[in-house]
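K.L.:
File query.txt below, compact mmCIF, C-alpha atoms:
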# COMPACT_ATOMS: atom_id res chain seq x y z
CA MET A 1 0.00 0.00 0.00
CA LYS A 2 1.25 3.44 -0.92
CA ILE A 3 1.71 5.52 2.23
CA VAL A 4 0.74 9.19 2.04
CA ASP A 5 1.89 11.34 4.96
CA THR A 6 0.28 14.78 4.72
CA TYR A 7 -0.46 15.32 8.42
CA SER A 8 2.28 17.92 8.97
CA HIS A 9 1.16 19.85 5.91
CA HIS A 10 -2.43 19.96 7.09
CA LEU A 11 -1.37 21.17 10.54
CA GLN A 12 -0.06 24.27 8.78
CA THR A 13 -3.38 24.91 6.96
CA PRO A 14 -6.09 24.91 9.67
CA GLY A 15 -8.09 27.43 7.65
CA VAL A 16 -8.87 24.83 4.96
CA SER A 17 -11.94 22.87 6.00
CA LEU A 18 -12.36 19.16 5.40
CA GLN A 19 -15.18 19.85 2.94
CA THR A 20 -13.04 22.33 1.00
CA HIS A 21 -10.17 19.84 0.89
CA LEU A 22 -12.49 17.08 -0.36
CA ARG A 23 -14.02 19.34 -2.99
CA GLN A 24 -10.56 20.31 -4.30
CA LYS A 25 -9.55 16.66 -4.59
CA GLN A 26 -12.74 15.96 -6.55
CA LEU A 27 -12.08 18.91 -8.86
CA ASP A 28 -8.51 17.74 -9.42
CA LEU A 29 -9.76 14.23 -10.16
CA ALA A 30 -12.36 15.51 -12.64
CA HIS A 31 -9.61 17.51 -14.37
CA GLU A 32 -7.41 14.41 -14.63
CA ILE A 33 -10.09 12.34 -16.36
CA ARG A 34 -11.87 15.08 -18.31
CA MET A 35 -10.59 13.85 -21.69
CA ALA A 36 -11.26 10.16 -21.04
CA LYS A 37 -14.49 8.56 -22.19
CA LYS A 38 -16.41 7.10 -19.26
CA VAL A 39 -17.45 3.49 -19.83
CA TYR A 40 -19.85 2.17 -17.19
CA LEU A 41 -20.01 -1.61 -16.90
CA ASP A 42 -22.80 -3.23 -14.96
CA THR A 43 -21.83 -6.16 -12.76
CA LYS A 44 -22.64 -8.73 -15.47
CA PHE A 45 -19.93 -7.29 -17.71
CA TRP A 46 -17.40 -6.98 -14.89
CA LEU A 47 -17.86 -10.71 -14.21
CA LEU A 48 -17.61 -11.61 -17.90
CA LEU A 49 -14.40 -9.60 -18.29
CA ARG A 50 -13.02 -11.15 -15.10
CA ASP A 51 -13.64 -14.65 -16.48
CA ALA A 52 -12.04 -13.70 -19.78
CA ARG A 53 -8.98 -12.44 -17.93
CA LEU A 54 -8.84 -15.73 -16.03
CA GLY A 55 -8.65 -17.55 -19.35
CA LYS A 56 -12.19 -18.86 -19.70
CA ASP A 57 -13.41 -19.32 -23.26
CA LEU A 58 -16.29 -16.85 -23.53
CA GLY A 59 -15.88 -16.06 -27.19
CA GLY A 60 -13.81 -13.56 -29.12
CA ASP A 61 -16.06 -10.56 -28.51
CA ILE A 62 -15.53 -10.57 -24.75
CA ARG A 63 -11.78 -11.07 -25.18
CA ASP A 64 -11.69 -8.22 -27.69
CA LEU A 65 -13.66 -5.98 -25.32
CA LEU A 66 -11.26 -6.74 -22.48
CA GLY A 67 -8.25 -5.99 -24.66
CA LEU A 68 -9.77 -2.76 -25.94
CA LEU A 69 -10.62 -1.48 -22.48
CA GLN A 70 -7.18 -2.35 -21.11
CA GLN A 71 -5.57 -0.57 -24.06
CA GLY A 72 -7.86 2.43 -23.75
CA VAL A 73 -7.24 2.82 -20.03
CA GLU A 74 -3.47 2.52 -20.47
CA ARG A 75 -3.57 5.29 -23.07
CA GLY A 76 -5.84 7.51 -21.00
CA LYS A 77 -8.59 7.29 -23.60
CA VAL A 78 -11.22 5.63 -21.41
CA ILE A 79 -11.95 4.97 -17.76
CA CYS A 80 -14.44 2.51 -16.24
CA PRO A 81 -15.81 4.02 -13.02
CA ILE A 82 -17.90 1.96 -10.61
CA SER A 83 -20.90 2.78 -8.42
CA ALA A 84 -22.05 1.69 -4.98
CA ASP A 85 -24.17 -1.05 -6.54
CA THR A 86 -21.17 -2.40 -8.44
CA PHE A 87 -19.12 -2.43 -5.24
CA ILE A 88 -21.81 -4.24 -3.25
CA GLU A 89 -22.63 -6.78 -5.96
CA VAL A 90 -18.97 -7.60 -6.61
CA PHE A 91 -18.30 -8.18 -2.92
CA ARG A 92 -21.15 -10.71 -2.75
CA GLN A 93 -18.90 -13.27 -4.41
CA THR A 94 -18.14 -16.05 -1.97
CA ASN A 95 -15.17 -17.49 -3.89
CA ARG A 96 -12.18 -15.54 -2.64
CA GLU A 97 -10.09 -16.28 -5.72
CA THR A 98 -12.60 -15.00 -8.26
CA LEU A 99 -13.47 -12.10 -5.96
CA ARG A 100 -9.86 -10.99 -5.86
CA ALA A 101 -9.54 -11.39 -9.63
CA CYS A 102 -12.62 -9.19 -10.14
CA VAL A 103 -11.41 -6.56 -7.68
CA ALA A 104 -7.98 -6.47 -9.37
CA LEU A 105 -9.67 -5.96 -12.74
CA ILE A 106 -11.71 -3.08 -11.30
CA ASP A 107 -8.53 -1.51 -9.92
CA ASP A 108 -6.97 -1.67 -13.38
CA LEU A 109 -9.89 -0.43 -15.47
CA SER A 110 -11.39 2.09 -13.03
CA LYS A 111 -8.09 3.48 -11.75
CA GLY A 112 -9.87 3.67 -8.41
CA ILE A 113 -12.52 6.08 -9.69
CA ALA A 114 -16.18 5.88 -8.68
CA ILE A 115 -19.33 7.93 -8.98
CA ILE A 116 -20.68 9.35 -5.74
CA LEU A 117 -23.58 7.68 -3.95
CA LEU A 118 -27.10 8.15 -5.36
CA MET A 119 -28.28 10.13 -2.33
CA GLU A 120 -25.25 12.39 -2.63
CA ARG A 121 -25.89 12.90 -6.35
CA VAL A 122 -29.51 13.86 -5.76
CA SER A 123 -28.52 16.37 -3.08
CA LEU A 124 -25.74 17.76 -5.25
CA GLU A 125 -27.93 18.06 -8.35
CA VAL A 126 -30.73 19.86 -6.48
CA HIS A 127 -28.31 22.18 -4.68
CA HIS A 128 -26.54 22.86 -7.98
CA PHE A 129 -29.87 23.53 -9.74
CA ILE A 130 -31.07 25.99 -7.09
CA ARG A 131 -27.77 27.88 -7.02
CA ARG A 132 -27.49 27.98 -10.80
CA THR A 133 -31.08 29.21 -11.12
CA THR A 134 -30.77 31.91 -8.48
CA LYS A 135 -27.13 32.98 -8.88
CA GLY A 136 -26.36 32.15 -12.50
CA PRO A 137 -24.13 29.53 -14.16
CA ASP A 138 -20.92 31.25 -13.11
CA ALA A 139 -21.77 30.67 -9.45
CA VAL A 140 -21.41 26.87 -9.65
CA TYR A 141 -19.03 24.22 -10.95
CA GLY A 142 -20.24 21.91 -13.69
CA MET A 143 -21.90 18.74 -12.43
CA GLU A 144 -19.37 16.65 -14.34
CA GLU A 145 -16.69 18.13 -12.08
CA LEU A 146 -18.44 17.15 -8.85
CA VAL A 147 -19.76 13.59 -9.19
CA TRP A 148 -16.46 11.67 -9.14
CA THR A 149 -14.76 10.25 -6.09
CA LYS A 150 -12.46 7.36 -5.19
CA VAL A 151 -13.57 3.79 -4.49
CA PRO A 152 -13.06 3.93 -0.67
CA TYR A 153 -15.83 6.59 -0.64
CA VAL A 154 -18.17 4.86 -3.10
CA LEU A 155 -20.62 4.06 -0.28
CA GLY A 156 -20.61 7.67 0.91
CA PHE A 157 -18.17 10.04 2.53
CA CYS A 158 -17.33 9.55 6.19
CA THR A 159 -14.41 10.51 8.39
CA PRO A 160 -13.11 9.62 11.87
CA ILE A 161 -13.71 12.32 14.48
CA SER A 162 -12.00 12.71 17.86
CA GLN A 163 -13.59 14.74 20.62
CA SER A 164 -10.48 14.50 22.81
CA LEU A 165 -7.96 16.09 20.42
CA PRO A 166 -7.55 19.83 19.84
CA PRO A 167 -9.76 20.87 16.88
CA ALA A 168 -6.79 21.82 14.66
CA VAL A 169 -5.13 18.43 15.26
CA ASP A 170 -8.38 16.56 14.65
CA LEU A 171 -8.95 18.45 11.40
CA ALA A 172 -5.40 17.76 10.20
CA MET A 173 -5.83 14.06 10.94
CA GLN A 174 -9.13 13.95 9.05
CA LYS A 175 -7.62 15.58 5.97
CA ALA A 176 -4.57 13.28 6.13
CA PHE A 177 -6.89 10.27 6.48
CA LEU A 178 -8.74 11.44 3.36
CA ASP A 179 -5.45 11.72 1.46
CA GLN A 180 -4.52 8.16 2.42
CA LEU A 181 -7.85 6.64 1.40
CA TRP A 182 -7.76 8.62 -1.84
CA VAL A 183 -4.88 6.43 -3.10
CA THR A 184 -6.05 3.14 -1.53
CA LYS A 185 -6.88 0.40 -4.05
CA MET A 186 -9.85 -1.92 -3.94
CA THR A 187 -7.54 -4.93 -3.66
CA GLU A 188 -5.96 -3.33 -0.60
CA MET A 189 -9.40 -2.87 0.90
CA LEU A 190 -10.10 -6.56 0.27
CA ASP A 191 -6.79 -7.60 1.83
CA ALA A 192 -7.44 -5.42 4.87
CA SER A 193 -10.76 -7.16 5.44
CA GLY A 194 -8.99 -10.44 6.24
CA ASP A 195 -9.37 -13.86 4.61
CA ASN A 196 -11.79 -15.10 7.24
CA ASP A 197 -14.21 -12.21 7.12
CA PRO A 198 -17.38 -12.96 5.17
CA PRO A 199 -18.02 -10.94 2.00
CA LEU A 200 -21.18 -8.89 1.50
CA THR A 201 -23.43 -11.91 0.97
CA GLN A 202 -26.75 -10.39 2.02
CA ALA A 203 -28.85 -9.58 -1.03
CA PHE A 204 -31.09 -6.60 -1.54
CA GLU A 205 -34.65 -7.26 -0.43
CA ASP A 206 -36.73 -8.62 -3.31
CA ILE A 207 -39.88 -6.50 -3.52
CA SER A 208 -40.78 -7.44 -7.09
CA ASP A 209 -43.97 -9.29 -6.05
CA GLN A 210 -45.09 -6.25 -4.09
CA LEU A 211 -44.40 -3.97 -7.05
CA ASN A 212 -46.25 -6.27 -9.44
CA ARG A 213 -49.31 -6.39 -7.16
CA GLY A 214 -49.30 -2.60 -6.96
CA LYS A 215 -48.98 -2.37 -10.74
CA VAL A 216 -52.16 -4.42 -11.18
CA GLU A 217 -54.10 -2.71 -8.40
CA HIS A 218 -53.36 0.83 -9.63
CA HIS A 219 -53.23 0.36 -13.42
CA HIS A 220 -56.55 2.20 -13.88
CA GLU A 221 -55.44 5.37 -12.06
CA ASN A 222 -53.31 6.89 -14.84
CA LYS A 223 -54.64 7.61 -18.31
CA SER A 224 -51.31 8.58 -19.89
CA PHE A 225 -47.63 7.80 -19.48
CA LYS A 226 -46.96 11.41 -18.43
CA GLN A 227 -49.54 11.12 -15.65
CA LEU A 228 -48.00 7.86 -14.48
CA LEU A 229 -44.50 9.34 -14.56
CA LEU A 230 -45.62 12.32 -12.49
CA SER A 231 -47.20 9.97 -9.98
CA GLU A 232 -43.94 8.07 -9.60
CA LEU A 233 -42.00 11.32 -9.45
CA TRP A 234 -44.14 12.71 -6.66
CA GLY A 235 -43.36 9.62 -4.59
CA VAL A 236 -39.64 10.25 -5.10
CA LEU A 237 -39.94 13.95 -4.27
CA ASP A 238 -41.87 13.15 -1.11
CA LEU A 239 -39.14 10.73 -0.06
CA TYR A 240 -36.44 13.39 -0.53
CA LYS A 241 -38.18 16.22 1.36
CA PRO A 242 -35.78 15.92 4.36
CA CYS A 243 -32.89 16.17 1.89
CA PHE A 244 -34.42 19.33 0.40
CA GLU A 245 -34.76 20.79 3.91
CA ASP A 246 -31.04 20.23 4.52
CA ILE A 247 -30.17 21.86 1.20
CA MET A 248 -32.23 24.97 1.87
CA ALA A 249 -30.86 25.23 5.42
CA SER A 250 -27.31 24.96 4.07
CA ILE A 251 -27.94 27.69 1.50
CA PHE A 252 -29.55 29.95 4.10
CA GLU A 253 -26.70 29.47 6.55
CA LYS A 254 -24.06 30.13 3.92
CA ASP A 255 -25.81 33.28 2.69
CA THR A 256 -26.72 34.75 6.08
CA GLY A 257 -24.41 33.11 8.60
CA GLN A 258 -27.45 32.17 10.69
CA HIS A 259 -28.05 28.61 11.90
CA VAL A 260 -31.38 26.90 11.26
CA SER A 261 -32.46 24.29 13.82
CA ALA A 262 -33.79 20.93 12.70
CA ASP A 263 -37.24 21.56 14.23
CA ASP A 264 -37.67 25.01 12.68
CA LYS A 265 -41.06 25.16 10.93
CA ALA A 266 -39.66 27.32 8.13
CA ARG A 267 -37.02 24.65 7.47
CA GLN A 268 -39.67 21.94 7.22
CA GLU A 269 -41.79 24.10 4.95
CA SER A 270 -38.80 24.69 2.68
CA GLY A 271 -38.60 20.96 1.92
CA ARG A 272 -42.25 20.88 0.88
CA MET A 273 -41.77 24.06 -1.16
CA VAL A 274 -38.84 22.61 -3.12
CA ALA A 275 -40.76 19.36 -3.77
CA ASN A 276 -43.79 21.28 -5.03
CA LEU A 277 -41.74 23.59 -7.24
CA LEU A 278 -39.82 20.73 -8.83
CA TYR A 279 -43.02 18.78 -9.42
CA GLU A 280 -44.60 21.74 -11.18
CA ALA A 281 -41.48 22.31 -13.25
CA PHE A 282 -41.54 18.70 -14.44
CA ARG A 283 -45.29 18.81 -15.03
CA ARG A 284 -44.92 21.86 -17.25
CA ASN A 285 -41.95 20.33 -19.12
CA LYS A 286 -39.62 23.06 -17.84
CA LEU A 287 -37.06 20.42 -16.82
CA THR A 288 -35.63 17.82 -19.19
CA ARG A 289 -32.00 16.77 -18.61
CA GLU A 290 -31.80 18.50 -15.23
CA LEU A 291 -31.80 16.50 -11.97
CA PRO A 292 -31.37 13.09 -13.67
CA SER A 293 -30.59 11.20 -10.46
CA LEU A 294 -33.92 12.41 -9.09
CA TRP A 295 -36.24 11.48 -11.97
CA LEU A 296 -34.62 8.68 -13.97
CA GLY A 297 -35.53 6.01 -11.41
CA ALA A 298 -39.12 7.22 -11.43
CA GLY A 299 -39.03 7.04 -15.22
CA PHE A 300 -37.92 3.41 -15.23
CA HIS A 301 -40.60 2.46 -12.71
CA ALA A 302 -43.23 4.25 -14.78
CA THR A 303 -42.07 2.53 -17.98
CA VAL A 304 -42.40 -0.93 -16.44
CA ARG A 305 -45.80 -0.07 -14.98
CA TRP A 306 -47.00 1.29 -18.34
CA ASP A 307 -46.04 -1.91 -20.18
CA ARG A 308 -48.83 -4.37 -19.42
CA LYS A 309 -46.69 -7.33 -20.54
CA ARG A 310 -43.59 -6.61 -18.46
CA LYS A 311 -43.33 -7.57 -14.81
CA PHE A 312 -40.89 -6.25 -12.24
CA LYS A 313 -38.04 -8.68 -11.61
CA ALA A 314 -35.90 -9.23 -8.53
CA ASN A 315 -32.86 -7.45 -9.99
CA ASP A 316 -34.73 -4.49 -11.47
CA LEU A 317 -34.06 -1.99 -8.69
CA PRO A 318 -30.26 -2.38 -8.64
CA ASP A 319 -30.30 -2.48 -12.45
CA PHE A 320 -32.23 0.81 -12.48
CA ARG A 321 -29.62 2.34 -10.17
CA HIS A 322 -26.84 1.24 -12.52
CA ALA A 323 -28.62 3.06 -15.34
CA VAL A 324 -29.24 6.15 -13.20
CA ALA A 325 -25.51 6.32 -12.48
CA ALA A 326 -24.39 5.69 -16.05
CA ILE A 327 -26.72 7.55 -18.38
CA PRO A 328 -26.29 11.16 -17.18
CA TYR A 329 -22.54 11.06 -16.51
CA CYS A 330 -20.95 8.39 -18.71
CA ASP A 331 -20.40 8.04 -22.44
CA PHE A 332 -21.06 4.30 -22.73
CA PHE A 333 -23.21 1.89 -20.70
CA LEU A 334 -22.86 -1.90 -21.00
CA THR A 335 -25.74 -3.79 -19.43
CA GLU A 336 -28.43 -6.49 -19.74
CA HIS A 337 -30.55 -6.70 -22.87
CA SER A 338 -33.78 -6.03 -20.95
CA LEU A 339 -32.38 -2.86 -19.41
CA ARG A 340 -31.00 -1.67 -22.73
CA HIS A 341 -34.49 -2.11 -24.14
CA LEU A 342 -35.92 -0.08 -21.26
CA VAL A 343 -33.35 2.70 -21.74
CA SER A 344 -34.39 2.98 -25.40
CA ASP A 345 -38.11 3.25 -24.59
CA ARG A 346 -39.66 6.03 -26.66
CA ASN A 347 -41.63 7.43 -23.73
CA LEU A 348 -38.48 8.31 -21.79
CA ARG A 349 -36.54 9.68 -24.80
CA LEU A 350 -33.24 9.07 -23.01
CA GLU A 351 -31.32 8.51 -26.23
CA THR A 352 -32.23 12.03 -27.35
CA LEU A 353 -31.78 13.68 -23.95
CA PHE A 354 -28.39 12.17 -23.09
CA SER A 355 -25.32 11.29 -25.17
CA CYS A 356 -24.63 7.99 -23.38
CA LYS A 357 -24.70 5.01 -25.76
CA THR A 358 -26.09 1.78 -24.29
CA PHE A 359 -25.08 -1.73 -25.41
CA SER A 360 -26.05 -5.19 -24.24
CA ASP A 361 -23.71 -7.25 -26.42
CA ALA A 362 -19.93 -7.18 -26.49
CA ALA A 363 -19.68 -7.09 -30.28
CA SER A 364 -21.55 -3.79 -30.57
CA ALA A 365 -19.54 -2.32 -27.72
CA VAL A 366 -16.28 -3.35 -29.39
CA GLU A 367 -17.34 -1.73 -32.63
CA ALA A 368 -18.17 1.54 -30.84
CA LEU A 369 -15.08 1.60 -28.62
CA ALA A 370 -12.46 0.47 -31.13
CA PRO A 371 -11.95 3.93 -32.73
CA ILE A 372 -11.50 5.43 -29.29
CA CYS A 373 -9.23 2.89 -27.64
CA GLN A 374 -6.95 1.88 -30.50
What does the file become when written as structure tokens?
P.N.:
Amino acid sequence: MKIVDTYSHHLQTPGVSLQTHLRQKQLDLAHEIRMAKKVYLDTKFWLLLRDARLGKDLGGDIRDLLGLLQQGVERGKVICPISADTFIEVFRQTNRETLRACVALIDDLSKGIAIILLMERVSLEVHHFIRRTTKGPDAVYGMEELVWTKVPYVLGFCTPISQSLPPAVDLAMQKAFLDQLWVTKMTEMLDASGDNDPPLTQAFEDISDQLNRGKVEHHHENKSFKQLLLSELWGVLDLYKPCFEDIMASIFEKDTGQHVSADDKARQESGRMVANLLYEAFRRNKLTRELPSLWLGAGFHATVRWDRKRKFKANDLPDFRHAVAAIPYCDFFLTEHSLRHLVSDRNLRLETLFSCKTFSDAASAVEALAPICQ
């Protein structure tokens, strides 16, 4: 493991907050990869490429795809970032040998780069949207500069805190800890977990039967796809009201220097206000590509509900989250055939709204990536 000792440096810069330090590292990272095409692989493709690297005969297309991606990454032409769902699904492997092979492949093709957690993306997108709308585009960074992080923080940002140390020492240790994790590889995280520790074997709860029952029970309530989409969207907005409250409180505190308590009625009302305003903006077609992490999931749910012949499946929710991570922020998305079909649904118009190209077979992906990687 590469050791990074920045503690002494951070002791000399107590005026730089942890959040400022983190943001600068994210901006530097975005600058480093700005010219590389982002290729998002769902877990199926990570496992196929792992098996190809282990020498299994999976056909020439998978071998060609592996070779292209390795070549493209080495030349700085592409990068294959992962998401929280990738991390969790990969660590469900119970065979330590194949798990390590998969993690090593992710280290090589991702270069340790990940997209921030869904909840963090939603908060960031809404905060960014409000600031850009009220202060102008020059008041904010581009979203593509803010959504990237390193794999140790793929499940969310956290930091050790000591109440017994002087504040300046505690802050310096937190920033130094961040610097160390920033260069830590996924294989090193696996090694640190110990050979006897169980992997992440617990699966996501399967609620597909519940969703299918609800689909049948409520199919008569929406007369158009737009109405159904708005219904799904309102459920998402209602879920995120506490997040909207935090955003508005943060903006108020930054602008005025005044603290807003958690039980303040105005704070609670601000969450409802943001939810209502966003709903109306979507209803009136004022928002299209904006806030993708907020509405794409609702769009996928609505599309499945609108299709009388399609039922929700056990893996749909994590598959949807893969798509929500990939489509707004990556250039290529390799996934299951059923999800590729959903992404191309004419009601969502994702292929016209976003530039991400989605493939479900290795041959098509090879054809698209060859001019970039070679």
K.L.:
Pick from A:Asp170, A:Asp316, A:Glu205, A:Glu280: nearest to A:Pro14, with all atoms listed in the file counted?
P.N.:
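Among the listed residues, the smallest separation from A:Pro14 belongs to A:Asp170.
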K.L.:
For A:Lys38, list every protein, DNA or RNA residue within 6 Å, evaluated using only C-alpha atoms, and leave out those in the same chain fewer than 3 positions away; present the list as a list of chain:residue names.
P.N.:
A:Val78, A:Ile79, A:Cys80, A:Cys330, A:Asp331
K.L.:
Quick one: pull the distance between atom CA of A:Phe333 and atom CA of A:Tyr141, Å, one decimal.
P.N.:
24.7 Å
K.L.:
Rank nothing, just name the residue among A:Leu165, A:Leu228, A:Ile82, A:Val343 nearest to A:Arg283, using all atoms listed in the file.
P.N.:
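That would be A:Leu228, the residue with the smallest distance to A:Arg283.
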K.L.:
Produce a table with one row for each residue of stretch 86-189 of chain A that has an atom at most 8 Å from any atom of stretch 291-314 of chain A, each row naming the nearest atom pair and its distance in Å at one decimal; use all atoms listed in the file; arrange rows by chain and rising residue number; format as a Markdown table.
P.N.:
| residue | atom | partner | partner_atom | distance |
| --- | --- | --- | --- | --- |
| A:Leu118 | CA | A:Ser293 | CA | 6.9 |
| A:Arg121 | CA | A:Ser293 | CA | 6.5 |
| A:Val122 | CA | A:Ser293 | CA | 5.5 |
| A:Glu125 | CA | A:Leu291 | CA | 5.5 |
| A:Val126 | CA | A:Leu291 | CA | 6.5 |
| A:Phe129 | CA | A:Leu291 | CA | 7.6 |
K.L.:
How many Å separate atom CA of A:Val39 from atom CA of A:Leu27?
P.N.:
19.7 Å
K.L.:
Calculate how many Å separate atom CA of A:Gln163 from atom CA of A:Gly257, rounding to one decimal.
P.N.:
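Atom-to-atom, atom CA of A:Gln163 and atom CA of A:Gly257 are spaced 24.5 Å apart.
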K.L.:
Pick from A:Leu369, A:Leu18, A:Ile247, A:Val4: nearest to A:His128, with all atoms listed in the file counted?
P.N.:
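So, comparing all the options, the nearest one is A:Ile247.
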K.L.:
Give as a PDB file with C-alpha atoms, keeping the file's coordinate frame the set of residues within 12 Å of the point (-32.1, 8.5, -22.3), where distances use the file's coordinates and all atoms listed in the file.
P.N.:
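Result went into out27.pdb, see below:
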ATOM      1  CA  THR A 288     -35.630  17.820 -19.190  1.00  0.00           C
ATOM      2  CA  ARG A 289     -32.000  16.770 -18.610  1.00  0.00           C
ATOM      3  CA  PRO A 292     -31.370  13.090 -13.670  1.00  0.00           C
ATOM      4  CA  TRP A 295     -36.240  11.480 -11.970  1.00  0.00           C
ATOM      5  CA  LEU A 296     -34.620   8.680 -13.970  1.00  0.00           C
ATOM      6  CA  GLY A 297     -35.530   6.010 -11.410  1.00  0.00           C
ATOM      7  CA  GLY A 299     -39.030   7.040 -15.220  1.00  0.00           C
ATOM      8  CA  PHE A 300     -37.920   3.410 -15.230  1.00  0.00           C
ATOM      9  CA  ALA A 323     -28.620   3.060 -15.340  1.00  0.00           C
ATOM     10  CA  VAL A 324     -29.240   6.150 -13.200  1.00  0.00           C
ATOM     11  CA  ALA A 326     -24.390   5.690 -16.050  1.00  0.00           C
ATOM     12  CA  ILE A 327     -26.720   7.550 -18.380  1.00  0.00           C
ATOM     13  CA  PRO A 328     -26.290  11.160 -17.180  1.00  0.00           C
ATOM     14  CA  TYR A 329     -22.540  11.060 -16.510  1.00  0.00           C
ATOM     15  CA  CYS A 330     -20.950   8.390 -18.710  1.00  0.00           C
ATOM     16  CA  ASP A 331     -20.400   8.040 -22.440  1.00  0.00           C
ATOM     17  CA  PHE A 332     -21.060   4.300 -22.730  1.00  0.00           C
ATOM     18  CA  PHE A 333     -23.210   1.890 -20.700  1.00  0.00           C
ATOM     19  CA  LEU A 339     -32.380  -2.860 -19.410  1.00  0.00           C
ATOM     20  CA  ARG A 340     -31.000  -1.670 -22.730  1.00  0.00           C
ATOM     21  CA  HIS A 341     -34.490  -2.110 -24.140  1.00  0.00           C
ATOM     22  CA  LEU A 342     -35.920  -0.080 -21.260  1.00  0.00           C
ATOM     23  CA  VAL A 343     -33.350   2.700 -21.740  1.00  0.00           C
ATOM     24  CA  SER A 344     -34.390   2.980 -25.400  1.00  0.00           C
ATOM     25  CA  ASP A 345     -38.110   3.250 -24.590  1.00  0.00           C
ATOM     26  CA  ARG A 346     -39.660   6.030 -26.660  1.00  0.00           C
ATOM     27  CA  ASN A 347     -41.630   7.430 -23.730  1.00  0.00           C
ATOM     28  CA  LEU A 348     -38.480   8.310 -21.790  1.00  0.00           C
ATOM     29  CA  ARG A 349     -36.540   9.680 -24.800  1.00  0.00           C
ATOM     30  CA  LEU A 350     -33.240   9.070 -23.010  1.00  0.00           C
ATOM     31  CA  GLU A 351     -31.320   8.510 -26.230  1.00  0.00           C
ATOM     32  CA  THR A 352     -32.230  12.030 -27.350  1.00  0.00           C
ATOM     33  CA  LEU A 353     -31.780  13.680 -23.950  1.00  0.00           C
ATOM     34  CA  PHE A 354     -28.390  12.170 -23.090  1.00  0.00           C
ATOM     35  CA  SER A 355     -25.320  11.290 -25.170  1.00  0.00           C
ATOM     36  CA  CYS A 356     -24.630   7.990 -23.380  1.00  0.00           C
ATOM     37  CA  LYS A 357     -24.700   5.010 -25.760  1.00  0.00           C
ATOM     38  CA  THR A 358     -26.090   1.780 -24.290  1.00  0.00           C
TER      39      THR A 358
END
K.L.:
Select, from A:Asp61, A:Asp138, A:Glu32, A:Asp51, the residue with the minimum atom-to-atom distance to A:Lys111, counting all atoms listed in the file.
P.N.:
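Smallest separation from A:Lys111 among the options: A:Glu32.
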K.L.:
At a cut-off of 8 Å, using all atoms listed in the file, what residues contact A:Gly76? Leave out same-chain residues fewer than 5 positions from it and give the result as a PDB file with C-alpha atoms, keeping the file's coordinate frame.
P.N.:
ATOM      1  CA  ILE A  33     -10.090  12.340 -16.360  1.00  0.00           C
ATOM      2  CA  MET A  35     -10.590  13.850 -21.690  1.00  0.00           C
ATOM      3  CA  ALA A  36     -11.260  10.160 -21.040  1.00  0.00           C
TER       4      ALA A  36
END
